[in-house]
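So the structure is just underneath, and the comments pick up after that.
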Amino acid sequence: MNVVTPAKADLRFTTDVKRNTAHLYDKVKKVIPEVEWPVYAPLIDRINQLKKQKNAVILGHNYMTPEIFHCVADITGDSLALARSATKTDADIIVMAGVHFMAETAKLLNPSKKVLIPDTGAGCTLAESVTAEDVRKLKEQYPGVPVVTYVNTSAEVKAESDICCTSGNAVEIVNGLGVPRVIMLPDEYLALNTAKVVKPEIITWKGRCVVHEQFSPADIQNLRATNPGVVVLAHPECSPEVIAVSDYAGSTAGMIDYVAKHRPPKVVLVTECSMSDNVAADFPELDFVKPCNLCPFMKKIELANILHALEAEETEVHIDPAIAVKARVSVERMLNGWKPGA
Ligand code: 13P
Ligand code: SF4
């Protein structure tokens with residue numbers, strides 16, 4: 001874990017800082033109390049100056065807190081959008097405001113760039129649930145069956161896989177392989193939810209997301225009972241039982257698109273709770289019910305350690321070149337399309 005002590009002298013809420021950040025406060029005023037702004041604004045102002053000086057870009061996952069998501073991130077989105085945007089940036093430095101596997105994916109797609117993660121402890125229970133050795137054993141057990149690996153995995157696991165997927169493209173990837181059977185890992189629930197709507201049979205693994213596995217069908221029923229008319233949008237890392245009692249299932253970007261398109265007057269996003277704040281800031285007229293499950297890994301990323309990452313240019317993500325070359329193939333196949341035997 002990185003210990004971060006920003007230089008206090010540079011971080012006063014001066015009239016310049018207030019002026020420079022006024023347009024940003026306007027974006028988040030529905031979700032950040034005015035009294036908190038003098039703490040955030042100096043960090044935001046300094047980060048935004050440093051990005052310009054260093055030709056750096058910040059990629060921000062939808063689970064970042066609003067002061068990161070709306071005020072310093074240059075590109076925001078779900079895992080798929082962040083991976084795609086990582087292939088397009090001209091920046092010299094990429095700071096991942098997200099978790100470690102996302103930073104590794106950005107590095108795989110930008111081997112010559114400096115990719116920084118503000119806190120190396122920003123892991124993921126799904127990424128921890130499977131090792132490269134586990135994948136090798138599965139391939140021995142099911143010879144010739146393609147391995148579709150969720151991006152929420154280490155580069156070592158991606159290197160043993162045939163193709164990656166995210167929650168935003170899992171159905172398309174699995175159907176696109178044109179095979180009768182696939183191994184899909186590590187998220188058991190994503191695999192089971194995908195299995196319900198794709199043609200191939202799916203062999204699952206036992207990984208779980210610590211945030212989404214906590215939601216139960218009873219939680220959804222309670223939400224509906226206490227919030228009549230609420231529209232329930234759930235992430236496919238939730239159990240199939242939760243998805244069955246929800247109105248829509250989709251990736252974090254899928255949920256945002258649903259809100260933008262349908263504008264449900266009262267809505268609940270059954271996922272990590274910072275996302276509701278981020279979407280609420282964009283749709284102030286809608287009522288967001290917020291069941292609060294925080295991802296302890298995503299919440300390790302803060303303005304202070306983003307600033308430190310930019311100032312000290314650490315911690316840089318390195319991937320063993322022999323692993324990277326194989327892992328990159330799995331990610332690029334996801335982005336560019338692939339069929340076994342092609
Ligand atoms: P998406 O943003 O791809 O839906 O993934 C959710 C997630 O849990 C990432 O950690
Ligand atoms: Fe991993 Fe779940 Fe946190 Fe996403 S929300 S980083 S899947 S633990």
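Residues are named by chain letter and number: chains run A, B, ... in the order of the structure tokens, numbers start at 1 in each chain, and ligands are numbered from 1 in the order shown.
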Test item: residues at most 10 Å from A:Ser112, only C-alpha atoms, excluding those fewer than 5 positions along its chain, as a list in words: Asp92, Ile93 and Lys107 of chain A
Could you save the residues just selected, with all heavy atoms, as a PDB file, in the first residue's frame?
ATOM      1  N   ASP A  92       1.281  10.259 -22.330  1.00  0.00           N
ATOM      2  CA  ASP A  92       2.514   9.530 -21.980  1.00  0.00           C
ATOM      3  C   ASP A  92       2.318   8.718 -20.711  1.00  0.00           C
ATOM      4  O   ASP A  92       2.974   7.708 -20.499  1.00  0.00           O
ATOM      5  CB  ASP A  92       3.669  10.527 -21.742  1.00  0.00           C
ATOM      6  CG  ASP A  92       3.979  11.313 -23.003  1.00  0.00           C
ATOM      7  OD1 ASP A  92       4.065  10.666 -24.077  1.00  0.00           O
ATOM      8  OD2 ASP A  92       4.100  12.552 -22.937  1.00  0.00           O
ATOM      9  N   ILE A  93       1.410   9.229 -19.853  1.00  0.00           N
ATOM     10  CA  ILE A  93       1.176   8.568 -18.563  1.00  0.00           C
ATOM     11  C   ILE A  93      -0.314   8.272 -18.452  1.00  0.00           C
ATOM     12  O   ILE A  93      -1.151   9.130 -18.747  1.00  0.00           O
ATOM     13  CB  ILE A  93       1.595   9.487 -17.396  1.00  0.00           C
ATOM     14  CG1 ILE A  93       3.109   9.757 -17.447  1.00  0.00           C
ATOM     15  CG2 ILE A  93       1.192   8.898 -16.045  1.00  0.00           C
ATOM     16  CD1 ILE A  93       3.600  10.735 -16.381  1.00  0.00           C
ATOM     17  N   LYS A 107      -1.976  -1.449 -19.241  1.00  0.00           N
ATOM     18  CA  LYS A 107      -0.546  -1.646 -19.537  1.00  0.00           C
ATOM     19  C   LYS A 107      -0.373  -2.656 -20.679  1.00  0.00           C
ATOM     20  O   LYS A 107       0.470  -2.462 -21.568  1.00  0.00           O
ATOM     21  CB  LYS A 107       0.172  -2.124 -18.270  1.00  0.00           C
ATOM     22  CG  LYS A 107       1.667  -2.350 -18.443  1.00  0.00           C
ATOM     23  CD  LYS A 107       2.422  -1.051 -18.685  1.00  0.00           C
ATOM     24  CE  LYS A 107       3.894  -1.289 -18.940  1.00  0.00           C
ATOM     25  NZ  LYS A 107       4.622  -0.040 -19.250  1.00  0.00           N
TER      26      LYS A 107
END
Residues of stretch 7-223 of chain A in strand (DSSP E), written as number ranges by chain: A: 56-61, 75-77, 93-97, 114-116, 147-150, 163-165, 181-185, 201-204
Can you write just those residues out, C-alpha atoms, as a short mmCIF file (atom, residue, chain, number, x, y, z; two decimals), in the first residue's frame?
data_model
loop_
_atom_site.label_atom_id
_atom_site.label_comp_id
_atom_site.auth_asym_id
_atom_site.auth_seq_id
_atom_site.Cartn_x
_atom_site.Cartn_y
_atom_site.Cartn_z
CA ALA A 56 -1.17 12.35 -18.37
CA VAL A 57 -4.66 10.95 -18.60
CA ILE A 58 -6.82 9.58 -15.78
CA LEU A 59 -9.12 6.66 -16.57
CA GLY A 60 -11.92 6.51 -13.99
CA HIS A 61 -14.13 3.49 -13.39
CA ILE A 75 -12.30 9.12 -19.50
CA THR A 76 -14.90 7.28 -17.47
CA GLY A 77 -16.78 4.05 -18.02
CA ILE A 93 1.18 8.57 -18.56
CA ILE A 94 -2.03 6.68 -17.76
CA VAL A 95 -3.29 6.83 -14.17
CA MET A 96 -5.85 4.14 -13.43
CA ALA A 97 -8.51 5.35 -11.02
CA LYS A 114 3.84 4.58 -18.02
CA VAL A 115 0.75 3.14 -16.33
CA LEU A 116 0.30 4.11 -12.68
CA VAL A 147 -11.44 -20.48 -21.93
CA VAL A 148 -13.32 -17.19 -21.72
CA THR A 149 -11.87 -15.10 -18.93
CA TYR A 150 -13.46 -12.09 -17.29
CA ILE A 163 -10.20 -14.70 -24.96
CA CYS A 164 -11.33 -12.13 -22.37
CA CYS A 165 -14.78 -10.70 -21.78
CA ARG A 181 -19.04 -25.57 -24.79
CA VAL A 182 -16.90 -22.93 -23.09
CA ILE A 183 -15.13 -22.55 -19.77
CA MET A 184 -16.03 -19.18 -18.27
CA LEU A 185 -14.13 -17.87 -15.26
CA GLU A 201 -22.98 -24.90 -22.42
CA ILE A 202 -20.89 -23.08 -19.80
CA ILE A 203 -18.44 -24.64 -17.36
CA THR A 204 -18.19 -22.28 -14.39
#
Env. residues ligand 1 / 6 Å / only C-alpha atoms and all ligand atoms / as a VMD selection string: chain A and resid 78 to 80 166 to 168 251 to 252
Using only C-alpha atoms, pick whichever of A:Ile256, A:Lys199, A:Ser161, A:Ala280 has the shortest atom-to-atom distance to A:Gly178. A:Lys199
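Neighbouring residues of ligand 2 at a cut-off of 8 Å, counting only C-alpha atoms and all ligand atoms, are Tyr63, Gly98, Val99, Ala122, Gly123, Cys124, Thr125, Leu126, Ala127, Asn152, Arg208, Cys209, Val210, Val211, His212, Glu237, Thr271, Glu272, Leu294, Cys295, Pro296, Phe297 and Met298 of chain A.
Among the candidate residues A:Ile243, A:Leu108, A:Leu190, A:Ala22, the one lying nearest to A:Ile323 is A:Leu108, with distances computed using only C-alpha atoms.
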May I have the residues within 12 Å of A:Val329 as a VMD selection string, using only C-alpha atoms and disregarding those fewer than 5 positions away in the same chain? chain A and resid 105 108 to 109 155 158 to 164 322 to 324 334 to 338
Output N, CA and C atoms for every residue in that selection, as a compact mmCIF listing (two decimals), in the first residue's frame.
# COMPACT_ATOMS: atom_id res chain seq x y z
N THR A 105 -4.63 -4.22 -17.50
CA THR A 105 -5.20 -4.27 -18.86
C THR A 105 -4.72 -3.05 -19.67
N LEU A 108 -1.19 -3.71 -20.67
CA LEU A 108 -1.09 -4.71 -21.75
C LEU A 108 -1.31 -4.04 -23.10
N LEU A 109 -2.24 -3.08 -23.13
CA LEU A 109 -2.58 -2.44 -24.39
C LEU A 109 -1.67 -1.26 -24.72
N ALA A 155 -2.89 -10.75 -15.08
CA ALA A 155 -2.31 -10.97 -16.42
C ALA A 155 -1.91 -12.43 -16.58
N LYS A 158 -4.96 -14.28 -17.60
CA LYS A 158 -5.32 -13.92 -18.99
C LYS A 158 -4.40 -14.64 -19.97
N ALA A 159 -3.12 -14.78 -19.57
CA ALA A 159 -2.14 -15.42 -20.46
C ALA A 159 -2.47 -16.88 -20.73
N GLU A 160 -3.19 -17.52 -19.81
CA GLU A 160 -3.56 -18.93 -19.98
C GLU A 160 -4.91 -19.08 -20.68
N SER A 161 -5.55 -17.95 -21.01
CA SER A 161 -6.92 -17.98 -21.53
C SER A 161 -6.94 -17.81 -23.04
N ASP A 162 -8.09 -18.10 -23.65
CA ASP A 162 -8.21 -17.91 -25.10
C ASP A 162 -8.69 -16.52 -25.44
N ILE A 163 -9.61 -16.01 -24.65
CA ILE A 163 -10.20 -14.70 -24.96
C ILE A 163 -10.76 -14.11 -23.66
N CYS A 164 -10.74 -12.79 -23.55
CA CYS A 164 -11.33 -12.13 -22.37
C CYS A 164 -12.76 -11.69 -22.69
N ALA A 322 7.05 -12.06 -20.95
CA ALA A 322 6.61 -13.37 -21.48
C ALA A 322 5.12 -13.60 -21.18
N ILE A 323 4.67 -13.10 -20.03
CA ILE A 323 3.24 -13.20 -19.67
C ILE A 323 2.44 -12.20 -20.51
N ALA A 324 3.00 -10.98 -20.61
CA ALA A 324 2.26 -9.89 -21.28
C ALA A 324 1.94 -10.26 -22.73
N MET A 334 -10.68 -10.06 -27.54
CA MET A 334 -11.97 -9.53 -27.05
C MET A 334 -12.31 -8.24 -27.81
N LEU A 335 -11.32 -7.37 -27.99
CA LEU A 335 -11.60 -6.07 -28.60
C LEU A 335 -11.79 -6.16 -30.11
N ASN A 336 -11.09 -7.12 -30.73
CA ASN A 336 -11.10 -7.15 -32.20
C ASN A 336 -11.92 -8.30 -32.79
N GLY A 337 -12.36 -9.23 -31.94
CA GLY A 337 -13.14 -10.38 -32.43
C GLY A 337 -12.21 -11.56 -32.73
N TRP A 338 -12.73 -12.77 -32.49
CA TRP A 338 -11.92 -13.99 -32.71
C TRP A 338 -12.81 -15.22 -32.67
Please identify all polymer residues within 10 Å of A:Ile47, counting only C-alpha atoms, omitting same-chain residues fewer than 5 positions from it, and present them as a ChimeraX atom specification. /A:41-42,52-53,56,58,71-73,303-304,306-311
Just how far from atom CA of A:Ala81 is atom CA of A:Gly254, in Å to one decimal? 11.0 Å
So, with only C-alpha atoms as the atoms that count, which of A:Asp45, A:Pro340, A:Asp187, A:Lys51 lies closest to A:Thr15? A:Asp45
